[in-house]
>>> print(open('my_file27.cif').read())   # mmCIF, C-alpha atoms
data_start
loop_
_atom_site.group_PDB
_atom_site.id
_atom_site.type_symbol
_atom_site.label_atom_id
_atom_site.label_comp_id
_atom_site.auth_asym_id
_atom_site.auth_seq_id
_atom_site.Cartn_x
_atom_site.Cartn_y
_atom_site.Cartn_z
ATOM 1 C CA MET T 1 111.448 99.123 59.518
ATOM 2 C CA VAL T 2 110.195 95.871 61.045
ATOM 3 C CA ARG T 3 106.444 95.634 61.656
ATOM 4 C CA TYR T 4 105.038 92.716 63.600
ATOM 5 C CA THR T 5 102.190 91.630 65.819
ATOM 6 C CA TYR T 6 102.577 89.430 68.869
ATOM 7 C CA GLU T 7 100.560 86.694 67.139
ATOM 8 C CA GLU T 8 102.945 86.595 64.151
ATOM 9 C CA LEU T 9 106.049 85.921 66.219
ATOM 10 C CA THR T 10 107.373 82.368 66.391
ATOM 11 C CA PRO T 11 110.627 81.094 67.883
ATOM 12 C CA GLY T 12 113.377 81.182 65.267
ATOM 13 C CA HIS T 13 111.792 84.083 63.362
ATOM 14 C CA GLY T 14 114.641 86.517 62.434
ATOM 15 C CA PHE T 15 114.905 90.243 61.730
ATOM 16 C CA GLN T 16 117.815 92.197 60.259
ATOM 17 C CA MET T 17 118.347 95.546 61.994
ATOM 18 C CA PRO T 18 120.066 98.611 60.515
ATOM 19 C CA GLY T 19 123.816 99.159 61.084
ATOM 20 C CA ALA T 20 125.927 102.124 62.233
ATOM 21 C CA THR T 21 129.602 103.050 62.405
ATOM 22 C CA ILE T 22 131.244 103.947 65.707
ATOM 23 C CA THR T 23 133.751 106.807 65.436
ATOM 24 C CA GLU T 24 136.688 107.679 67.664
ATOM 25 C CA ASP T 25 134.921 110.888 68.604
ATOM 26 C CA ALA T 26 131.773 109.014 69.641
ATOM 27 C CA ILE T 27 133.799 106.470 71.664
ATOM 28 C CA ILE T 28 135.621 109.181 73.607
ATOM 29 C CA ARG T 29 132.564 111.380 74.092
ATOM 30 C CA PHE T 30 130.459 108.494 75.439
ATOM 31 C CA ALA T 31 133.188 107.246 77.747
ATOM 32 C CA MET T 32 133.967 110.740 79.092
ATOM 33 C CA GLU T 33 130.417 110.792 80.419
ATOM 34 C CA TRP T 34 129.643 107.149 81.216
ATOM 35 C CA ASP T 35 132.724 104.956 81.456
ATOM 36 C CA TYR T 36 135.852 106.931 82.211
ATOM 37 C CA GLN T 37 138.690 104.475 81.613
ATOM 38 C CA PRO T 38 142.064 105.261 79.975
ATOM 39 C CA PHE T 39 141.503 102.788 77.110
ATOM 40 C CA HIS T 40 138.175 104.466 76.250
ATOM 41 C CA VAL T 41 139.132 108.150 76.521
ATOM 42 C CA ASP T 42 142.891 108.570 75.938
ATOM 43 C CA ARG T 43 144.406 107.472 72.626
ATOM 44 C CA GLU T 44 147.978 107.414 73.943
ATOM 45 C CA LYS T 45 147.233 105.537 77.160
ATOM 46 C CA ALA T 46 145.033 103.166 75.158
ATOM 47 C CA LYS T 47 148.018 102.321 72.920
ATOM 48 C CA ALA T 48 149.990 101.266 75.987
ATOM 49 C CA SER T 49 147.060 99.255 77.409
ATOM 50 C CA LEU T 50 146.241 95.577 76.947
ATOM 51 C CA PHE T 51 144.009 96.544 74.036
ATOM 52 C CA GLY T 52 146.742 98.324 72.051
ATOM 53 C CA GLY T 53 144.438 101.196 71.133
ATOM 54 C CA LEU T 54 141.128 102.893 71.873
ATOM 55 C CA ILE T 55 138.136 100.618 72.236
ATOM 56 C CA ALA T 56 134.492 101.461 72.827
ATOM 57 C CA SER T 57 132.968 101.162 76.276
ATOM 58 C CA GLY T 58 130.879 98.007 76.475
ATOM 59 C CA ILE T 59 128.015 100.158 77.761
ATOM 60 C CA HIS T 60 128.325 102.208 74.565
ATOM 61 C CA THR T 61 128.244 99.113 72.329
ATOM 62 C CA PHE T 62 125.184 97.859 74.192
ATOM 63 C CA ALA T 63 123.408 101.253 73.984
ATOM 64 C CA MET T 64 124.178 101.456 70.239
ATOM 65 C CA ALA T 65 122.819 97.958 69.649
ATOM 66 C CA MET T 66 119.637 98.780 71.555
ATOM 67 C CA ARG T 67 119.222 102.028 69.589
ATOM 68 C CA LEU T 68 119.662 100.205 66.289
ATOM 69 C CA CYS T 69 116.987 97.703 67.353
ATOM 70 C CA ASN T 70 114.708 100.590 68.252
ATOM 71 C CA GLU T 71 115.389 102.295 64.923
ATOM 72 C CA GLY T 72 114.721 98.969 63.208
ATOM 73 C CA GLY T 73 111.249 98.889 64.776
ATOM 74 C CA LEU T 74 111.787 96.063 67.287
ATOM 75 C CA PHE T 75 110.974 98.147 70.372
ATOM 76 C CA ARG T 76 108.115 100.153 68.815
ATOM 77 C CA GLU T 77 104.425 99.292 69.150
ATOM 78 C CA PRO T 78 103.293 96.605 69.918
ATOM 79 C CA ALA T 79 106.327 96.416 72.290
ATOM 80 C CA VAL T 80 105.450 98.430 75.396
ATOM 81 C CA ALA T 81 108.269 97.946 77.907
ATOM 82 C CA GLY T 82 111.544 96.192 78.627
ATOM 83 C CA LEU T 83 111.755 93.665 81.430
ATOM 84 C CA GLY T 84 115.378 92.579 81.344
ATOM 85 C CA ILE T 85 118.612 91.514 79.677
ATOM 86 C CA ASP T 86 120.251 88.097 79.881
ATOM 87 C CA ASN T 87 123.515 86.499 78.818
ATOM 88 C CA LEU T 88 125.162 89.686 77.605
ATOM 89 C CA ARG T 89 128.719 88.944 76.412
ATOM 90 C CA TRP T 90 131.286 91.394 75.091
ATOM 91 C CA LEU T 91 133.145 89.022 72.774
ATOM 92 C CA GLU T 92 135.530 91.298 70.881
ATOM 93 C CA PRO T 93 136.877 94.809 71.556
ATOM 94 C CA LEU T 94 135.118 97.345 69.296
ATOM 95 C CA ARG T 95 137.525 99.806 67.658
ATOM 96 C CA PRO T 96 136.940 103.202 65.976
ATOM 97 C CA GLY T 97 135.592 102.923 62.435
ATOM 98 C CA SER T 98 133.824 99.613 63.031
ATOM 99 C CA THR T 99 130.315 99.217 61.670
ATOM 100 C CA ILE T 100 127.976 97.116 63.762
ATOM 101 C CA THR T 101 124.678 95.491 62.834
ATOM 102 C CA PRO T 102 122.325 93.567 65.128
ATOM 103 C CA TYR T 103 120.463 90.503 63.939
ATOM 104 C CA VAL T 104 117.480 89.512 66.062
ATOM 105 C CA THR T 105 115.888 86.101 66.449
ATOM 106 C CA VAL T 106 112.756 85.341 68.453
ATOM 107 C CA ARG T 107 113.757 83.020 71.283
ATOM 108 C CA SER T 108 110.391 82.614 73.010
ATOM 109 C CA CYS T 109 106.893 84.118 73.300
ATOM 110 C CA ARG T 110 104.277 83.511 75.960
ATOM 111 C CA VAL T 111 101.228 85.233 77.380
ATOM 112 C CA SER T 112 101.811 87.080 80.672
ATOM 113 C CA GLN T 113 100.297 85.244 83.617
ATOM 114 C CA THR T 114 99.462 88.431 85.468
ATOM 115 C CA LYS T 115 98.427 90.596 82.472
ATOM 116 C CA PRO T 116 96.798 88.425 79.825
ATOM 117 C CA GLY T 117 96.562 91.371 77.402
ATOM 118 C CA LEU T 118 100.343 91.269 77.124
ATOM 119 C CA GLY T 119 102.826 88.782 75.738
ATOM 120 C CA ILE T 120 106.357 88.256 77.019
ATOM 121 C CA VAL T 121 108.833 88.017 74.155
ATOM 122 C CA THR T 122 112.535 87.214 74.456
ATOM 123 C CA TRP T 123 114.741 88.213 71.523
ATOM 124 C CA ASP T 124 118.270 86.865 70.974
ATOM 125 C CA ILE T 125 120.437 89.658 69.592
ATOM 126 C CA VAL T 126 123.742 89.025 67.838
ATOM 127 C CA VAL T 127 125.764 92.132 66.974
ATOM 128 C CA SER T 128 128.334 91.665 64.191
ATOM 129 C CA ASP T 129 130.962 94.020 62.870
ATOM 130 C CA HIS T 130 131.829 94.710 59.214
ATOM 131 C CA GLU T 131 134.239 91.752 59.236
ATOM 132 C CA GLU T 132 131.399 89.474 60.373
ATOM 133 C CA ARG T 133 132.834 88.937 63.815
ATOM 134 C CA THR T 134 130.315 88.747 66.635
ATOM 135 C CA VAL T 135 131.290 91.571 68.965
ATOM 136 C CA LEU T 136 128.343 91.404 71.365
ATOM 137 C CA SER T 137 125.433 89.079 72.050
ATOM 138 C CA PHE T 138 122.571 89.272 74.500
ATOM 139 C CA SER T 139 118.875 88.551 74.999
ATOM 140 C CA VAL T 140 116.206 91.161 75.694
ATOM 141 C CA THR T 141 112.807 90.385 77.176
ATOM 142 C CA ASN T 142 109.954 92.753 76.303
ATOM 143 C CA LEU T 143 106.296 93.098 77.080
ATOM 144 C CA VAL T 144 104.393 93.093 73.791
ATOM 145 C CA ARG T 145 100.725 94.013 73.483
ATOM 146 C CA ARG T 146 98.516 91.281 72.016
ATOM 147 C CA SER T 147 96.552 92.330 68.948
ATOM 148 C CA ASP T 148 93.278 90.953 70.228
ATOM 149 C CA SER T 149 93.454 93.109 73.343
ATOM 150 C CA VAL T 150 94.202 96.611 72.043
ATOM 151 C CA ASP T 151 91.333 98.024 74.074
ATOM 152 C CA ALA T 152 92.340 96.245 77.256
ATOM 153 C CA GLU T 153 95.246 98.416 78.385
ATOM 154 C CA PRO T 154 96.673 97.409 81.746
ATOM 155 C CA GLU T 155 95.961 100.066 84.364
ATOM 156 C CA SER T 156 99.280 99.862 86.162
ATOM 157 C CA PRO T 157 102.840 100.167 84.803
ATOM 158 C CA PRO T 158 103.584 96.998 82.859
ATOM 159 C CA VAL T 159 106.136 95.578 85.221
ATOM 160 C CA ASP T 160 105.904 91.798 85.180
ATOM 161 C CA ARG T 161 108.100 89.490 87.178
ATOM 162 C CA ALA T 162 106.370 86.333 86.039
ATOM 163 C CA MET A 1 136.393 104.639 97.115
ATOM 164 C CA VAL A 2 136.624 100.864 97.338
ATOM 165 C CA ARG A 3 140.100 99.334 97.174
ATOM 166 C CA TYR A 4 140.493 95.597 96.867
ATOM 167 C CA THR A 5 142.778 92.891 95.578
ATOM 168 C CA TYR A 6 141.592 89.734 93.832
ATOM 169 C CA GLU A 7 142.895 87.672 96.760
ATOM 170 C CA GLU A 8 140.791 89.606 99.297
ATOM 171 C CA LEU A 9 137.467 88.943 97.564
ATOM 172 C CA THR A 10 135.228 86.229 98.943
ATOM 173 C CA PRO A 11 131.639 85.380 97.972
ATOM 174 C CA GLY A 12 129.206 87.381 100.076
ATOM 175 C CA HIS A 13 131.661 90.277 100.547
ATOM 176 C CA GLY A 14 129.670 93.549 100.098
ATOM 177 C CA PHE A 15 130.497 97.094 98.967
ATOM 178 C CA GLN A 16 128.360 100.227 99.197
ATOM 179 C CA MET A 17 128.656 102.421 96.096
ATOM 180 C CA PRO A 18 127.960 106.163 95.889
ATOM 181 C CA GLY A 19 124.482 107.404 94.879
ATOM 182 C CA ALA A 20 123.194 109.964 92.375
ATOM 183 C CA THR A 21 119.906 111.687 91.543
ATOM 184 C CA ILE A 22 118.368 111.401 88.098
ATOM 185 C CA THR A 23 116.778 114.634 86.874
ATOM 186 C CA GLU A 24 114.050 115.164 84.299
ATOM 187 C CA ASP A 25 116.577 116.964 82.111
ATOM 188 C CA ALA A 26 118.988 114.034 82.250
ATOM 189 C CA ILE A 27 116.204 111.526 81.477
ATOM 190 C CA ILE A 28 115.068 113.444 78.392
ATOM 191 C CA ARG A 29 118.585 114.223 77.170
ATOM 192 C CA PHE A 30 119.724 110.603 77.435
ATOM 193 C CA ALA A 31 116.590 109.240 75.766
ATOM 194 C CA MET A 32 116.725 111.815 72.936
ATOM 195 C CA GLU A 33 120.052 110.273 71.969
ATOM 196 C CA TRP A 34 119.710 106.620 72.971
ATOM 197 C CA ASP A 35 116.138 105.486 73.545
ATOM 198 C CA TYR A 36 113.632 107.687 71.778
ATOM 199 C CA GLN A 37 110.272 106.665 73.216
ATOM 200 C CA PRO A 38 107.378 109.014 74.087
ATOM 201 C CA PHE A 39 107.404 108.052 77.785
ATOM 202 C CA HIS A 40 111.140 108.937 78.035
ATOM 203 C CA VAL A 41 111.211 112.212 76.040
ATOM 204 C CA ASP A 42 107.762 113.863 76.100
ATOM 205 C CA ARG A 43 106.251 114.850 79.439
ATOM 206 C CA GLU A 44 102.710 115.199 78.077
ATOM 207 C CA LYS A 45 102.680 111.940 76.120
ATOM 208 C CA ALA A 46 104.278 110.233 79.116
ATOM 209 C CA LYS A 47 101.342 111.369 81.295
ATOM 210 C CA ALA A 48 98.946 109.637 78.918
ATOM 211 C CA SER A 49 101.110 106.472 78.767
ATOM 212 C CA LEU A 50 100.908 103.352 80.892
ATOM 213 C CA PHE A 51 103.511 104.866 83.199
ATOM 214 C CA GLY A 52 101.513 108.033 83.988
ATOM 215 C CA GLY A 53 104.592 110.244 83.646
ATOM 216 C CA LEU A 54 108.172 110.433 82.423
ATOM 217 C CA ILE A 55 110.398 107.504 83.340
ATOM 218 C CA ALA A 56 114.085 106.942 82.673
ATOM 219 C CA SER A 57 115.227 104.693 79.861
ATOM 220 C CA GLY A 58 116.353 101.371 81.256
ATOM 221 C CA ILE A 59 119.594 101.795 79.337
ATOM 222 C CA HIS A 60 120.075 105.078 81.221
ATOM 223 C CA THR A 61 119.452 103.455 84.609
ATOM 224 C CA PHE A 62 121.913 100.706 83.744
ATOM 225 C CA ALA A 63 124.571 103.178 82.505
ATOM 226 C CA MET A 64 124.145 105.258 85.679
ATOM 227 C CA ALA A 65 124.517 102.189 87.885
ATOM 228 C CA MET A 66 127.676 101.147 86.037
ATOM 229 C CA ARG A 67 129.100 104.680 86.338
ATOM 230 C CA LEU A 68 128.391 104.758 90.068
ATOM 231 C CA CYS A 69 130.190 101.423 90.442
ATOM 232 C CA ASN A 70 133.113 102.830 88.470
ATOM 233 C CA GLU A 71 133.152 105.975 90.628
ATOM 234 C CA GLY A 72 132.996 103.753 93.692
ATOM 235 C CA GLY A 73 136.176 101.998 92.567
ATOM 236 C CA LEU A 74 134.712 98.624 91.594
ATOM 237 C CA PHE A 75 135.862 98.753 87.971
ATOM 238 C CA ARG A 76 139.256 100.361 88.646
ATOM 239 C CA GLU A 77 142.522 98.473 88.981
ATOM 240 C CA PRO A 78 142.840 95.544 89.582
ATOM 241 C CA ALA A 79 139.718 95.148 87.362
ATOM 242 C CA VAL A 80 140.900 95.195 83.752
ATOM 243 C CA ALA A 81 137.889 94.409 81.550
ATOM 244 C CA GLY A 82 134.211 93.496 81.505
ATOM 245 C CA LEU A 83 133.112 90.139 80.143
ATOM 246 C CA GLY A 84 129.361 90.261 80.466
ATOM 247 C CA ILE A 85 126.080 91.019 82.208
ATOM 248 C CA ASP A 86 123.544 88.487 83.472
ATOM 249 C CA ASN A 87 120.046 88.521 84.907
ATOM 250 C CA LEU A 88 119.425 92.225 84.424
ATOM 251 C CA ARG A 89 115.894 93.130 85.585
ATOM 252 C CA TRP A 90 114.219 96.521 85.469
ATOM 253 C CA LEU A 91 111.941 96.088 88.466
ATOM 254 C CA GLU A 92 110.403 99.527 88.957
ATOM 255 C CA PRO A 93 110.028 102.572 86.690
ATOM 256 C CA LEU A 94 112.565 105.256 87.653
ATOM 257 C CA ARG A 95 111.050 108.747 87.809
ATOM 258 C CA PRO A 96 112.677 112.214 87.785
ATOM 259 C CA GLY A 97 114.134 113.211 91.148
ATOM 260 C CA SER A 98 114.872 109.654 92.260
ATOM 261 C CA THR A 99 118.220 108.962 93.887
ATOM 262 C CA ILE A 100 119.735 105.584 93.147
ATOM 263 C CA THR A 101 122.499 103.731 94.941
ATOM 264 C CA PRO A 102 124.075 100.410 93.930
ATOM 265 C CA TYR A 103 125.089 97.844 96.499
ATOM 266 C CA VAL A 104 127.534 95.219 95.292
ATOM 267 C CA THR A 105 128.082 91.709 96.605
ATOM 268 C CA VAL A 106 130.737 89.285 95.383
ATOM 269 C CA ARG A 107 128.917 86.298 93.876
ATOM 270 C CA SER A 108 131.936 84.252 92.761
ATOM 271 C CA CYS A 109 135.687 84.414 92.067
ATOM 272 C CA ARG A 110 137.832 81.972 90.157
ATOM 273 C CA VAL A 111 141.135 81.948 88.328
ATOM 274 C CA SER A 112 140.873 82.164 84.520
ATOM 275 C CA GLN A 113 141.608 78.840 82.848
ATOM 276 C CA THR A 114 143.179 80.461 79.800
ATOM 277 C CA LYS A 115 144.955 83.371 81.546
ATOM 278 C CA PRO A 116 146.105 82.294 85.007
ATOM 279 C CA GLY A 117 147.309 85.836 85.796
ATOM 280 C CA LEU A 118 143.687 86.920 85.848
ATOM 281 C CA GLY A 119 140.716 86.146 88.043
ATOM 282 C CA ILE A 120 137.096 86.098 86.892
ATOM 283 C CA VAL A 121 134.846 87.876 89.375
ATOM 284 C CA THR A 122 131.060 88.062 89.229
ATOM 285 C CA TRP A 123 129.415 90.857 91.212
ATOM 286 C CA ASP A 124 125.692 90.955 92.079
ATOM 287 C CA ILE A 125 124.502 94.544 91.882
ATOM 288 C CA VAL A 126 121.279 95.736 93.506
ATOM 289 C CA VAL A 127 120.255 99.316 92.726
ATOM 290 C CA SER A 128 117.855 100.896 95.225
ATOM 291 C CA ASP A 129 116.063 104.207 95.144
ATOM 292 C CA HIS A 130 115.694 106.700 98.020
ATOM 293 C CA GLU A 131 112.571 104.848 99.181
ATOM 294 C CA GLU A 132 114.579 101.629 99.409
ATOM 295 C CA ARG A 133 112.814 100.009 96.511
ATOM 296 C CA THR A 134 114.975 97.856 94.262
ATOM 297 C CA VAL A 135 114.667 99.463 90.826
ATOM 298 C CA LEU A 136 117.278 97.402 88.982
ATOM 299 C CA SER A 137 119.368 94.327 89.626
ATOM 300 C CA PHE A 138 122.008 92.584 87.551
ATOM 301 C CA SER A 139 125.310 90.717 87.691
ATOM 302 C CA VAL A 140 128.551 91.875 86.075
ATOM 303 C CA THR A 141 131.490 89.612 85.346
ATOM 304 C CA ASN A 142 134.937 91.221 85.244
ATOM 305 C CA LEU A 143 138.491 90.153 84.641
ATOM 306 C CA VAL A 144 140.535 91.112 87.702
ATOM 307 C CA ARG A 145 144.321 91.009 87.814
ATOM 308 C CA ARG A 146 145.773 88.765 90.505
ATOM 309 C CA SER A 147 148.172 90.506 92.876
ATOM 310 C CA ASP A 148 150.841 87.850 92.611
ATOM 311 C CA SER A 149 151.037 88.316 88.854
ATOM 312 C CA VAL A 150 151.377 92.073 88.415
ATOM 313 C CA ASP A 151 154.354 91.581 86.142
ATOM 314 C CA ALA A 152 152.687 88.897 84.079
ATOM 315 C CA GLU A 153 150.459 91.013 81.863
ATOM 316 C CA PRO A 154 148.582 89.019 79.259
ATOM 317 C CA GLU A 155 149.821 89.877 75.785
ATOM 318 C CA SER A 156 146.473 89.771 74.025
ATOM 319 C CA PRO A 157 143.275 91.632 74.844
ATOM 320 C CA PRO A 158 141.782 90.061 77.960
ATOM 321 C CA VAL A 159 138.762 88.455 76.331
ATOM 322 C CA ASP A 160 137.951 85.228 78.104
ATOM 323 C CA ARG A 161 135.059 82.981 77.218
ATOM 324 C CA ALA A 162 135.916 80.358 79.798
#
>>> encode(input="my_file27.cif", output="structure tokens")
Amino acid sequence: MVRYTYEELTPGHGFQMPGATITEDAIIRFAMEWDYQPFHVDREKAKASLFGGLIASGIHTFAMAMRLCNEGGLFREPAVAGLGIDNLRWLEPLRPGSTITPYVTVRSCRVSQTKPGLGIVTWDIVVSDHEERTVLSFSVTNLVRRSDSVDAEPESPPVDRA
Amino acid sequence: MVRYTYEELTPGHGFQMPGATITEDAIIRFAMEWDYQPFHVDREKAKASLFGGLIASGIHTFAMAMRLCNEGGLFREPAVAGLGIDNLRWLEPLRPGSTITPYVTVRSCRVSQTKPGLGIVTWDIVVSDHEERTVLSFSVTNLVRRSDSVDAEPESPPVDRA
């Protein structure tokens, strides 16, 4: 479990996150609810599709990667909220039985202009499968509480467009 | 249900998608599985948090918006695959009982350099709540089959980094 303070983070600093395996059952169950497409929910139609077999919904892959980062401690205290996602690319189809692991690198850190008790941290996240192919990459920007301001909680929801 | 061909799309062209209401039950259920944070899963802890009450996971809001666009026909044929997401911003906390509706505008269309049977379409998606606040915005880039090439299916999975 990663533990960090805002002050410790520097661009280039990297964190290994835990991995997880995506099953056929999980792919179908997720897609039945969130992304109903033949190549996500129907093994036979998926065989006849461009992909030649079932592949995970890209929303599923993204949600799994975010969960693994949360489990790895990245989105726990001192992180307090998500602001956005940039440059998300689904680079390879993700098939049943694949194990994926995110690796996180600090892209940038700066103090919020509107809420000086908070830092704005952008993480570059590269998600690899068990054959070391990059299947997904994206950046997440979070609000992160500064250590020297633990008693100075912002009074309003920490939305920051700066 | 939106019906379109690649050839009909022009930048600025807009589509209204269907809406849906997010319930407290759905917020907690989603976050229990995908984004376990006190302000998404625990009504009492959420009250004491910066947000002053339960709010939806941003992953949930994004997944709902994508599902509504799929239900609205945007990601059906002739769309064949998603390439990526850009400039995603969670602009307002989404609370139980809110109804959200995506509005989609064509940002750009171009023919794939590597697979001329396919077009690359970027959609700007603005998700508003029932009080007409923008709660989420992002762009999605899709591969879209060109009408004049229905018989020219690409042989490999339609991943395109161009």
>>> resolve_selection(input="my_file27.cif", expression="the PyMOL selection byres ((chain A) within 6 of (chain T))", output="VMD selection string")
chain A and resid 34 50 to 51 67 83 to 90 157
>>> closest_residue(input="my_file27.cif", among="T:Met1, T:Asn142, T:Lys47, T:His40", to="Ser112 (chain T)", atoms="all atoms listed in the file")
T:Asn142
>>> closest_residue(input="my_file27.cif", among="T:Ile27, T:Val144, T:Leu54, T:Val106", to="Ile120 (chain T)", atoms="all atoms listed in the file")
T:Val144
>>> residues_around(input="my_file27.cif", residues="Ile28 (chain A)", least_positions_apart="3", cutoff="8 Å", atoms="all atoms listed in the file", output="ChimeraX atom specification")
/A:24-25,31-32,40-42,56
>>> axis_aligned_box(input="my_file27.cif", around="region 55-71 of chain A", padding_each_side="5 Å", output="AutoDock Vina command-line options")
--center_x 121.8 --center_y 104.1 --center_z 85.0 --size_x 32.8 --size_y 16.8 --size_z 21.3
>>> residues_around(input="my_file27.cif", residues="Gly53 (chain T)", least_positions_apart="3", cutoff="8 Å", atoms="all atoms listed in the file", output="ChimeraX atom specification")
/T:39,43-49,95
>>> closest_residue(input="my_file27.cif", among="T:Leu143, T:Met17, T:Ile22, T:Leu94", to="Ile55 (chain T)", atoms="only C-alpha atoms")
T:Leu94
>>> residues_around(input="my_file27.cif", residues="Pro102 (chain T)", least_positions_apart="4", cutoff="7 Å", atoms="only C-alpha atoms", output="list in words")
Gln16, Met17, Ala65, Ile125, Val126, Val127 and Ser128 of chain T
>>> write_last_selection(input="my_file27.cif", atoms="C-alpha atoms", output="PDB file, keeping the file's coordinate frame")
ATOM      1  CA  GLN T  16     117.815  92.197  60.259  1.00  0.00           C
ATOM      2  CA  MET T  17     118.347  95.546  61.994  1.00  0.00           C
ATOM      3  CA  ALA T  65     122.819  97.958  69.649  1.00  0.00           C
ATOM      4  CA  ILE T 125     120.437  89.658  69.592  1.00  0.00           C
ATOM      5  CA  VAL T 126     123.742  89.025  67.838  1.00  0.00           C
ATOM      6  CA  VAL T 127     125.764  92.132  66.974  1.00  0.00           C
ATOM      7  CA  SER T 128     128.334  91.665  64.191  1.00  0.00           C
TER       8      SER T 128
END
